[in-house]
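Asker: Let me begin by handing over the structure; questions about it come next.
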2 protein chains.
Amino acid sequence: MKIAIDSSQTSGSIAIHDGQRLVFSEYFDIRVTHSETLMPSLDKALKLCGFSPQDIDAVYVCSGPGSFTGLRIGIATAKGIAYALDIPVHTYNSLELNAMACTPYRGKILSIIDAKMQECYAALYDAKLNEIMAPAVLKPDDILSWPIEGSIVCGSAAQLVQPYATQKQLVMANPMHNIPKAEALFFLYQYSQAKIYEGKALAELEPFYLRDSTAQIKANQKQRDLAKKIDQ
Amino acid sequence: MKIAIDSSQTSGSIAIHDGQRLVFSEYFDIRVTHSETLMPSLDKALKLCGFSPQDIDAVYVCSGPGSFTGLRIGIATAKGIAYALDIPVHTYNSLELNAMACTPYRGKILSIIDAKMQECYAALYDAKLNEIMAPAVLKPDDILSWPIEGSIVCGSAAQLVQPYATQKQLVMANPMHNIPKAEALFFLYQYSQAKIYEGKALAELEPFYLRDSTAQIKANQKQRDLAKKIDQ
């Protein structure tokens, strides 16, 4: 039996796969509920399905990019469980997790997540989820220089490229397909290789940030401003 | 705020939409958990999201075809809540609910659900979910007479037409897209008109069965056998 966790964006989700099929999944918007619901939800879900934590063979977690605090919580939880049970953690990034909902589309998939501060995280995949453009943090306008013509657009910040939909022949995914779900982590192996961390290597599993945190960026700016003042 | 319920197949699922976005969803396989989890799950979900039952403006439910008992439970629950709060019930059928996961595909969608007794429920839609072939109960082989060339195939019984995939240029959906989710009921309005039942008309809301129950079919067969014996 394996579990999946995602708290990389403004939502949290968990899922349980018994080796044959998805047997449980739960999704909650953190703006409405709380990020602290991750562990209690997992505990209730295991009981509902008649499992104990010792039945877990592997933990799947989304590595980011996304919310700094959310990623810390999700990855810390996954590492804690894996460490205690001596089992592996499988990770995929949040842009391929998003793209999974659009794989019925037979063309390129542009996956976009809001990065705040007028930026976004984006990646471009072919129909088999091979990377055409690797995950990057950029201004929405910068995506126009990517070969996005004819792509389907999905993810929490899909609407950022909506103004270019006609010009670039983009297909906007239905809002239902913009909702990230931990269960996608169980099905991504058919397209992409998970990064697997186990035993001592667990220490190397860190959130995939792509950018300093907003707090870090502000601190750096302050330091530069101060250095400027001293120079003057 | 609106809620969605589906227990038409071998799984149960609930979802909550706050008018702006999906805020909660839960899915459980009834073979692993229990169908009795529907109401307690809904109650816990409302509390988690800070809602009370009185906040519900509308109930969405899947009308079938599918499991006889499952449909009875789901529809009775929806009618009960709607009657108590004097709010409408919106229904969609289970074949379009399934098809919703495959709308990123830009072609025909063949939706298939296991009907047991070597039969299946099936419907064929165009890319905008307009019916090309209306929901029917039939032998898997009979689907070959439908204009299914080039369709994507989804639903719990998708594998029944797998042997004809090459001959009919079918695209088999990823297993993740064969999992029916109540939340799809919130997003179907963009493609299809819900049947809405309210007030006195609630009494007219009945499961969409398409076929007698297995028990009914066996009883009819017994009666025919008995009549034959008497005739001889």
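Letters for chains follow the order of the structure tokens (A, B, ...), residue numbers begin at 1 for each chain, and ligand numbers begin at 1 in the order shown.
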Starting from chain B, keep only residues with some atom at most 6 Å from an atom of chain A, counting only C-alpha atoms, and report them as an MDAnalysis selection string.
Answerer: chainID B and resid 23:29 32:33 49 102 104:105
Asker: Only all heavy atoms, please: the residues just picked out, written as an mmCIF file, in the first residue's frame.
Answerer:
```cif
data_model
loop_
_atom_site.group_PDB
_atom_site.id
_atom_site.type_symbol
_atom_site.label_atom_id
_atom_site.label_comp_id
_atom_site.auth_asym_id
_atom_site.auth_seq_id
_atom_site.Cartn_x
_atom_site.Cartn_y
_atom_site.Cartn_z
ATOM 1 N N VAL B 23 -13.804 23.444 -2.889
ATOM 2 C CA VAL B 23 -13.060 23.611 -1.635
ATOM 3 C C VAL B 23 -12.790 22.288 -0.935
ATOM 4 O O VAL B 23 -11.928 22.207 -0.063
ATOM 5 C CB VAL B 23 -13.768 24.589 -0.662
ATOM 6 C CG1 VAL B 23 -13.768 26.002 -1.247
ATOM 7 C CG2 VAL B 23 -15.183 24.145 -0.338
ATOM 8 N N PHE B 24 -13.528 21.248 -1.326
ATOM 9 C CA PHE B 24 -13.301 19.952 -0.683
ATOM 10 C C PHE B 24 -13.786 18.843 -1.606
ATOM 11 O O PHE B 24 -14.800 18.994 -2.283
ATOM 12 C CB PHE B 24 -14.070 19.865 0.643
ATOM 13 C CG PHE B 24 -13.836 18.584 1.389
ATOM 14 C CD1 PHE B 24 -12.773 18.475 2.278
ATOM 15 C CD2 PHE B 24 -14.636 17.463 1.169
ATOM 16 C CE1 PHE B 24 -12.530 17.282 2.944
ATOM 17 C CE2 PHE B 24 -14.394 16.267 1.822
ATOM 18 C CZ PHE B 24 -13.341 16.174 2.715
ATOM 19 N N SER B 25 -13.075 17.734 -1.624
ATOM 20 C CA SER B 25 -13.609 16.538 -2.273
ATOM 21 C C SER B 25 -13.038 15.307 -1.603
ATOM 22 O O SER B 25 -11.927 15.333 -1.066
ATOM 23 C CB SER B 25 -13.312 16.534 -3.772
ATOM 24 O OG SER B 25 -11.985 16.170 -4.027
ATOM 25 N N GLU B 26 -13.818 14.247 -1.602
ATOM 26 C CA GLU B 26 -13.362 12.982 -1.004
ATOM 27 C C GLU B 26 -13.870 11.847 -1.866
ATOM 28 O O GLU B 26 -14.997 11.895 -2.363
ATOM 29 C CB GLU B 26 -13.890 12.854 0.427
ATOM 30 C CG GLU B 26 -13.222 11.734 1.195
ATOM 31 C CD GLU B 26 -13.619 11.732 2.662
ATOM 32 O OE1 GLU B 26 -12.998 12.472 3.442
ATOM 33 O OE2 GLU B 26 -14.561 11.009 3.028
ATOM 34 N N TYR B 27 -13.006 10.850 -2.047
ATOM 35 C CA TYR B 27 -13.331 9.691 -2.875
ATOM 36 C C TYR B 27 -12.967 8.442 -2.101
ATOM 37 O O TYR B 27 -11.905 8.387 -1.489
ATOM 38 C CB TYR B 27 -12.509 9.758 -4.165
ATOM 39 C CG TYR B 27 -12.521 8.481 -4.979
ATOM 40 C CD1 TYR B 27 -13.489 8.256 -5.959
ATOM 41 C CD2 TYR B 27 -11.573 7.479 -4.759
ATOM 42 C CE1 TYR B 27 -13.509 7.081 -6.687
ATOM 43 C CE2 TYR B 27 -11.590 6.299 -5.488
ATOM 44 C CZ TYR B 27 -12.559 6.111 -6.451
ATOM 45 O OH TYR B 27 -12.579 4.939 -7.166
ATOM 46 N N PHE B 28 -13.840 7.444 -2.084
ATOM 47 C CA PHE B 28 -13.495 6.187 -1.414
ATOM 48 C C PHE B 28 -14.049 5.004 -2.180
ATOM 49 O O PHE B 28 -15.173 5.014 -2.658
ATOM 50 C CB PHE B 28 -13.987 6.154 0.039
ATOM 51 C CG PHE B 28 -15.283 6.859 0.269
ATOM 52 C CD1 PHE B 28 -16.493 6.208 0.116
ATOM 53 C CD2 PHE B 28 -15.293 8.211 0.643
ATOM 54 C CE1 PHE B 28 -17.696 6.870 0.316
ATOM 55 C CE2 PHE B 28 -16.500 8.877 0.844
ATOM 56 C CZ PHE B 28 -17.698 8.202 0.680
ATOM 57 N N ASP B 29 -13.221 3.979 -2.300
ATOM 58 C CA ASP B 29 -13.615 2.760 -2.999
ATOM 59 C C ASP B 29 -14.477 1.934 -2.051
ATOM 60 O O ASP B 29 -14.044 1.582 -0.962
ATOM 61 C CB ASP B 29 -12.359 1.985 -3.409
ATOM 62 C CG ASP B 29 -12.688 0.900 -4.402
ATOM 63 O OD1 ASP B 29 -13.371 -0.078 -4.004
ATOM 64 O OD2 ASP B 29 -12.291 1.008 -5.567
ATOM 65 N N VAL B 32 -13.348 -1.313 -0.523
ATOM 66 C CA VAL B 32 -12.383 -1.245 0.576
ATOM 67 C C VAL B 32 -13.009 -0.593 1.803
ATOM 68 O O VAL B 32 -12.805 -1.027 2.927
ATOM 69 C CB VAL B 32 -11.115 -0.469 0.129
ATOM 70 C CG1 VAL B 32 -10.177 -0.250 1.302
ATOM 71 C CG2 VAL B 32 -10.403 -1.225 -0.984
ATOM 72 N N THR B 33 -13.799 0.448 1.582
ATOM 73 C CA THR B 33 -14.447 1.118 2.716
ATOM 74 C C THR B 33 -15.904 0.637 2.797
ATOM 75 O O THR B 33 -16.168 -0.532 2.648
ATOM 76 C CB THR B 33 -14.368 2.652 2.559
ATOM 77 O OG1 THR B 33 -15.059 3.006 1.364
ATOM 78 C CG2 THR B 33 -12.921 3.119 2.453
ATOM 79 N N CYS B 49 -14.884 22.612 6.570
ATOM 80 C CA CYS B 49 -14.915 23.821 5.749
ATOM 81 C C CYS B 49 -15.659 24.963 6.436
ATOM 82 O O CYS B 49 -15.799 26.049 5.852
ATOM 83 C CB CYS B 49 -15.565 23.521 4.404
ATOM 84 S SG CYS B 49 -14.641 22.336 3.433
ATOM 85 N N CYS B 102 -12.154 13.310 -19.569
ATOM 86 C CA CYS B 102 -11.457 13.224 -20.861
ATOM 87 C C CYS B 102 -11.726 14.399 -21.783
ATOM 88 O O CYS B 102 -11.326 14.365 -22.947
ATOM 89 C CB CYS B 102 -11.818 11.912 -21.555
ATOM 90 S SG CYS B 102 -10.958 10.532 -20.788
ATOM 91 N N PRO B 104 -10.206 17.162 -22.121
ATOM 92 C CA PRO B 104 -9.043 17.749 -22.822
ATOM 93 C C PRO B 104 -8.786 17.102 -24.193
ATOM 94 O O PRO B 104 -8.135 17.695 -25.044
ATOM 95 C CB PRO B 104 -7.872 17.475 -21.862
ATOM 96 C CG PRO B 104 -8.494 17.389 -20.512
ATOM 97 C CD PRO B 104 -9.835 16.702 -20.773
ATOM 98 N N TYR B 105 -9.293 15.879 -24.398
ATOM 99 C CA TYR B 105 -9.179 15.212 -25.702
ATOM 100 C C TYR B 105 -10.042 15.982 -26.692
ATOM 101 O O TYR B 105 -11.147 16.383 -26.360
ATOM 102 C CB TYR B 105 -9.671 13.768 -25.572
ATOM 103 C CG TYR B 105 -9.439 12.901 -26.788
ATOM 104 C CD1 TYR B 105 -8.166 12.481 -27.124
ATOM 105 C CD2 TYR B 105 -10.506 12.478 -27.587
ATOM 106 C CE1 TYR B 105 -7.951 11.666 -28.232
ATOM 107 C CE2 TYR B 105 -10.305 11.661 -28.692
ATOM 108 C CZ TYR B 105 -9.018 11.263 -29.009
ATOM 109 O OH TYR B 105 -8.807 10.453 -30.107
#
```
Asker: Can you check which residues of range 2-227 of chain A DSSP gives as alpha helix (DSSP H) on the backbone and send them as a PyMOL selection string?
Answerer: chain A and resi 38-48+68-85+94-100+184-187+214-227
Asker: Can you pull out every residue within 7 Å of range 193-199 of chain B, counting only C-alpha atoms, but drop anything in the same chain fewer than 2 positions away, and send it as a PyMOL selection string?
Answerer: chain B and resi 86-92+189+201-202+205
Asker: Using all heavy atoms, can you write the selected residues to a file as a compact mmCIF listing (two decimals), in the first residue's frame?
Answerer:
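Once written, result.txt looks like this:
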```txt
# COMPACT_ATOMS: atom_id res chain seq x y z
N ASP B 86 -35.53 22.58 1.25
CA ASP B 86 -36.30 23.18 0.15
C ASP B 86 -35.37 23.80 -0.90
O ASP B 86 -35.49 24.99 -1.24
CB ASP B 86 -37.30 24.21 0.69
CG ASP B 86 -38.35 24.60 -0.36
OD1 ASP B 86 -38.50 23.84 -1.35
OD2 ASP B 86 -38.98 25.67 -0.19
N ILE B 87 -34.45 23.00 -1.37
CA ILE B 87 -33.48 23.43 -2.39
C ILE B 87 -33.52 22.45 -3.57
O ILE B 87 -34.04 21.34 -3.43
CB ILE B 87 -32.04 23.51 -1.82
CG1 ILE B 87 -31.63 22.16 -1.18
CG2 ILE B 87 -31.92 24.65 -0.79
CD1 ILE B 87 -30.19 22.09 -0.73
N PRO B 88 -33.01 22.82 -4.72
CA PRO B 88 -33.09 21.93 -5.89
C PRO B 88 -32.02 20.84 -5.90
O PRO B 88 -30.95 20.99 -5.31
CB PRO B 88 -32.87 22.88 -7.07
CG PRO B 88 -32.06 24.00 -6.51
CD PRO B 88 -32.44 24.13 -5.06
N VAL B 89 -32.32 19.74 -6.60
CA VAL B 89 -31.33 18.70 -6.90
C VAL B 89 -31.01 18.79 -8.40
O VAL B 89 -31.92 18.81 -9.23
CB VAL B 89 -31.88 17.29 -6.59
CG1 VAL B 89 -30.86 16.23 -7.00
CG2 VAL B 89 -32.21 17.15 -5.12
N HIS B 90 -29.73 18.87 -8.73
CA HIS B 90 -29.27 18.88 -10.13
C HIS B 90 -28.71 17.50 -10.44
O HIS B 90 -27.88 17.00 -9.68
CB HIS B 90 -28.15 19.91 -10.33
CG HIS B 90 -28.56 21.33 -10.09
ND1 HIS B 90 -28.40 22.31 -11.04
CD2 HIS B 90 -29.14 21.93 -9.01
CE1 HIS B 90 -28.85 23.46 -10.55
NE2 HIS B 90 -29.29 23.26 -9.32
N THR B 91 -29.13 16.89 -11.54
CA THR B 91 -28.61 15.56 -11.86
C THR B 91 -27.97 15.52 -13.25
O THR B 91 -28.40 16.22 -14.17
CB THR B 91 -29.72 14.47 -11.82
OG1 THR B 91 -30.55 14.64 -12.96
CG2 THR B 91 -30.55 14.55 -10.57
N TYR B 92 -26.95 14.68 -13.35
CA TYR B 92 -26.31 14.33 -14.63
C TYR B 92 -26.18 12.81 -14.63
O TYR B 92 -26.12 12.20 -13.55
CB TYR B 92 -24.92 14.96 -14.75
CG TYR B 92 -24.94 16.45 -14.97
CD1 TYR B 92 -24.74 17.31 -13.90
CD2 TYR B 92 -25.12 16.99 -16.23
CE1 TYR B 92 -24.74 18.69 -14.09
CE2 TYR B 92 -25.12 18.37 -16.43
CZ TYR B 92 -24.92 19.21 -15.36
OH TYR B 92 -24.92 20.57 -15.55
N TYR B 189 -21.95 21.72 -16.29
CA TYR B 189 -22.89 22.70 -16.84
C TYR B 189 -22.33 23.39 -18.09
O TYR B 189 -23.07 23.91 -18.91
CB TYR B 189 -23.26 23.74 -15.78
CG TYR B 189 -22.15 24.74 -15.51
CD1 TYR B 189 -22.14 25.97 -16.16
CD2 TYR B 189 -21.13 24.45 -14.63
CE1 TYR B 189 -21.12 26.89 -15.93
CE2 TYR B 189 -20.10 25.34 -14.40
CZ TYR B 189 -20.10 26.56 -15.05
OH TYR B 189 -19.07 27.45 -14.84
N ALA B 201 -41.74 18.40 -7.46
CA ALA B 201 -41.14 17.62 -8.55
C ALA B 201 -40.03 16.69 -8.05
O ALA B 201 -39.60 15.78 -8.77
CB ALA B 201 -40.59 18.55 -9.62
N LEU B 202 -39.58 16.89 -6.81
CA LEU B 202 -38.54 16.02 -6.24
C LEU B 202 -38.97 14.55 -6.29
O LEU B 202 -38.15 13.66 -6.45
CB LEU B 202 -38.28 16.39 -4.77
CG LEU B 202 -37.13 17.35 -4.46
CD1 LEU B 202 -37.05 17.58 -2.96
CD2 LEU B 202 -35.81 16.83 -4.99
N LEU B 205 -37.83 12.43 -9.21
CA LEU B 205 -36.41 12.07 -9.36
C LEU B 205 -36.22 10.60 -8.98
O LEU B 205 -36.34 10.21 -7.83
CB LEU B 205 -35.54 12.98 -8.50
CG LEU B 205 -34.07 12.58 -8.30
CD1 LEU B 205 -33.37 12.33 -9.63
CD2 LEU B 205 -33.32 13.67 -7.52
```
Asker: Just checking: using only C-alpha atoms, which residue out of A:Pro135, A:Lys128, A:Leu46, A:Asp6 ends up closest to Thr77 in chain A?
Answerer: A:Asp6
Asker: Could you write out, as a ChimeraX atom specification, all the residues of range 6-230 of chain A that DSSP marks as strand (DSSP E or B)?
Answerer: /A:6,11-17,22-29,58-62,89-92,109-114,120-125,131-138,152-154,171-172,195-197
Asker: What would the file look like if the residues just selected were written as a short mmCIF file (atom, residue, chain, number, x, y, z; two decimals), in the first residue's frame with N, CA and C atoms?
Answerer:
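Result written to selection_23.cif:
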```cif
data_model
loop_
_atom_site.label_atom_id
_atom_site.label_comp_id
_atom_site.auth_asym_id
_atom_site.auth_seq_id
_atom_site.Cartn_x
_atom_site.Cartn_y
_atom_site.Cartn_z
N ASP A 6 0.19 16.01 -1.24
CA ASP A 6 0.56 17.24 -1.93
C ASP A 6 0.06 18.44 -1.15
N SER A 11 -3.80 24.34 -1.89
CA SER A 11 -4.67 23.24 -1.49
C SER A 11 -3.81 22.13 -0.91
N GLY A 12 -4.47 21.24 -0.21
CA GLY A 12 -3.79 20.05 0.28
C GLY A 12 -4.53 18.85 -0.25
N SER A 13 -3.83 17.76 -0.49
CA SER A 13 -4.53 16.54 -0.88
C SER A 13 -3.71 15.33 -0.49
N ILE A 14 -4.44 14.25 -0.22
CA ILE A 14 -3.82 12.98 0.14
C ILE A 14 -4.51 11.88 -0.67
N ALA A 15 -3.83 10.76 -0.84
CA ALA A 15 -4.44 9.64 -1.57
C ALA A 15 -3.83 8.33 -1.10
N ILE A 16 -4.60 7.26 -1.23
CA ILE A 16 -4.14 5.92 -0.85
C ILE A 16 -4.36 4.98 -2.03
N HIS A 17 -3.33 4.20 -2.37
CA HIS A 17 -3.40 3.23 -3.47
C HIS A 17 -3.05 1.88 -2.87
N LEU A 22 -6.69 3.06 -6.85
CA LEU A 22 -6.88 4.16 -5.92
C LEU A 22 -8.05 3.80 -5.01
N VAL A 23 -7.83 3.79 -3.68
CA VAL A 23 -8.94 3.42 -2.79
C VAL A 23 -9.46 4.61 -1.99
N PHE A 24 -8.67 5.68 -1.94
CA PHE A 24 -9.12 6.85 -1.19
C PHE A 24 -8.40 8.09 -1.68
N SER A 25 -9.11 9.21 -1.74
CA SER A 25 -8.42 10.48 -1.96
C SER A 25 -9.23 11.59 -1.31
N GLU A 26 -8.51 12.61 -0.87
CA GLU A 26 -9.17 13.75 -0.24
C GLU A 26 -8.46 15.01 -0.67
N TYR A 27 -9.23 16.05 -0.94
CA TYR A 27 -8.69 17.33 -1.40
C TYR A 27 -9.33 18.43 -0.57
N PHE A 28 -8.53 19.39 -0.10
CA PHE A 28 -9.12 20.52 0.64
C PHE A 28 -8.38 21.80 0.31
N ASP A 29 -9.16 22.85 0.10
CA ASP A 29 -8.59 24.16 -0.20
C ASP A 29 -8.11 24.77 1.11
N ALA A 58 5.47 2.87 0.53
CA ALA A 58 6.13 4.00 -0.13
C ALA A 58 5.29 5.26 0.05
N VAL A 59 5.98 6.39 0.11
CA VAL A 59 5.30 7.68 0.21
C VAL A 59 5.60 8.47 -1.06
N TYR A 60 4.56 9.02 -1.69
CA TYR A 60 4.71 9.86 -2.87
C TYR A 60 4.43 11.29 -2.45
N VAL A 61 5.30 12.21 -2.86
CA VAL A 61 5.08 13.60 -2.48
C VAL A 61 5.48 14.52 -3.64
N CYS A 62 4.77 15.64 -3.72
CA CYS A 62 5.07 16.63 -4.75
C CYS A 62 6.20 17.52 -4.23
N VAL A 89 10.77 7.52 -0.50
CA VAL A 89 9.90 8.63 -0.91
C VAL A 89 10.07 8.82 -2.41
N HIS A 90 8.97 8.84 -3.15
CA HIS A 90 8.99 9.09 -4.60
C HIS A 90 8.53 10.52 -4.82
N THR A 91 9.27 11.30 -5.59
CA THR A 91 8.84 12.68 -5.84
C THR A 91 8.69 12.99 -7.33
N TYR A 92 7.72 13.85 -7.61
CA TYR A 92 7.53 14.45 -8.93
C TYR A 92 7.35 15.94 -8.71
N ILE A 109 1.44 20.39 -23.58
CA ILE A 109 0.76 20.82 -22.35
C ILE A 109 1.61 21.91 -21.68
N LEU A 110 1.02 23.09 -21.51
CA LEU A 110 1.69 24.19 -20.82
C LEU A 110 1.12 24.25 -19.41
N SER A 111 1.97 24.00 -18.42
CA SER A 111 1.55 23.94 -17.03
C SER A 111 2.05 25.19 -16.32
N ILE A 112 1.14 25.93 -15.66
CA ILE A 112 1.50 27.22 -15.06
C ILE A 112 0.95 27.32 -13.63
N ILE A 113 1.83 27.70 -12.71
CA ILE A 113 1.44 27.88 -11.30
C ILE A 113 1.78 29.30 -10.87
N ASP A 114 0.90 29.92 -10.11
CA ASP A 114 1.13 31.27 -9.62
C ASP A 114 2.33 31.27 -8.66
N CYS A 120 5.42 33.60 -12.40
CA CYS A 120 4.79 32.28 -12.36
C CYS A 120 5.84 31.20 -12.56
N TYR A 121 5.51 30.00 -12.13
CA TYR A 121 6.31 28.81 -12.43
C TYR A 121 5.66 28.18 -13.65
N ALA A 122 6.47 27.79 -14.61
CA ALA A 122 5.89 27.19 -15.81
C ALA A 122 6.81 26.12 -16.38
N ALA A 123 6.21 25.18 -17.11
CA ALA A 123 6.97 24.17 -17.85
C ALA A 123 6.12 23.78 -19.05
N LEU A 124 6.79 23.36 -20.12
CA LEU A 124 6.09 22.94 -21.33
C LEU A 124 6.43 21.48 -21.61
N TYR A 125 5.40 20.65 -21.82
CA TYR A 125 5.59 19.22 -22.04
C TYR A 125 5.01 18.81 -23.39
N GLU A 131 9.75 16.85 -21.18
CA GLU A 131 9.96 18.30 -21.05
C GLU A 131 10.39 18.91 -22.38
N ILE A 132 9.67 19.91 -22.84
CA ILE A 132 10.13 20.73 -23.98
C ILE A 132 10.84 21.95 -23.39
N MET A 133 10.21 22.55 -22.38
CA MET A 133 10.84 23.64 -21.62
C MET A 133 10.79 23.24 -20.15
N ALA A 134 11.96 23.17 -19.51
CA ALA A 134 12.05 22.72 -18.12
C ALA A 134 11.40 23.75 -17.18
N PRO A 135 10.98 23.31 -15.99
CA PRO A 135 10.37 24.22 -15.01
C PRO A 135 11.23 25.47 -14.81
N ALA A 136 10.58 26.63 -14.85
CA ALA A 136 11.30 27.89 -14.69
C ALA A 136 10.40 28.89 -13.98
N VAL A 137 10.99 29.91 -13.37
CA VAL A 137 10.21 30.99 -12.79
C VAL A 137 10.38 32.18 -13.72
N LEU A 138 9.28 32.78 -14.15
CA LEU A 138 9.38 33.86 -15.14
C LEU A 138 8.14 34.76 -15.12
N ILE A 152 -2.39 22.93 -24.77
CA ILE A 152 -3.46 23.09 -23.79
C ILE A 152 -2.81 23.70 -22.56
N VAL A 153 -3.52 24.63 -21.90
CA VAL A 153 -2.95 25.34 -20.75
C VAL A 153 -3.68 24.93 -19.49
N CYS A 154 -2.93 24.49 -18.47
CA CYS A 154 -3.54 24.07 -17.21
C CYS A 154 -2.74 24.59 -16.03
N VAL A 171 -5.49 26.11 -26.08
CA VAL A 171 -6.73 25.53 -25.57
C VAL A 171 -6.69 25.70 -24.06
N MET A 172 -7.66 26.41 -23.49
CA MET A 172 -7.68 26.59 -22.04
C MET A 172 -8.38 25.37 -21.42
N LYS A 195 11.90 10.82 -8.82
CA LYS A 195 13.16 10.84 -8.05
C LYS A 195 12.87 10.11 -6.75
N ILE A 196 13.70 9.10 -6.46
CA ILE A 196 13.44 8.27 -5.28
C ILE A 196 14.52 8.49 -4.22
N TYR A 197 14.10 8.71 -3.00
CA TYR A 197 15.01 8.95 -1.87
C TYR A 197 14.74 7.88 -0.81
#
```
Asker: Name all residues at most 6 Å from Glu119 in chain B (count only C-alpha atoms; drop same-chain ones fewer than 2 positions away) and give them as a list in words.
Answerer: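 Once the adjacent positions are removed, what remains is Ala115, Lys116, Met117, Leu138 and Lys139 of chain B.
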Asker: Find the distance between CA of Ser151 in chain B and CA of Leu97 in chain B and write it in Å to one decimal.
Answerer: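 The value is 16.7 Å.
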Asker: Report, in Å with one decimal, the straight-line distance from CA of Gln162 in chain B to CA of Trp146 in chain B.
Answerer: 15.2 Å
Asker: In Å, rounded to a single decimal, give me how far CA of Ala203 in chain B is from CA of Gly64 in chain B.
Answerer: 16.7 Å
Asker: Leaving out Gln9 in chain A and any residue of its chain fewer than 4 positions from it, which residues lie within 7 Å of it when counting only C-alpha atoms, given as a CSV table (one decimal) with N, CA and C atoms, in the first residue's frame?
Answerer:
```csv
chain,number,residue,atom,x,y,z
A,66,GLY,N,6.3,25.8,-5.7
A,66,GLY,CA,5.0,26.2,-5.1
A,66,GLY,C,5.2,27.0,-3.9
A,67,SER,N,4.2,26.9,-3.0
A,67,SER,CA,4.1,27.6,-1.7
A,67,SER,C,5.3,27.1,-0.8
A,70,GLY,N,3.9,25.5,2.4
A,70,GLY,CA,3.2,24.2,2.0
A,70,GLY,C,4.2,23.1,1.7
```
Asker: Compile the contact shell of Arg72 in chain B as a VMD selection string: residues with an atom at most 9 Å away, counting only C-alpha atoms, same-chain residues fewer than 6 positions apart removed.
Answerer: chain B and resid 7 to 8 206 to 207
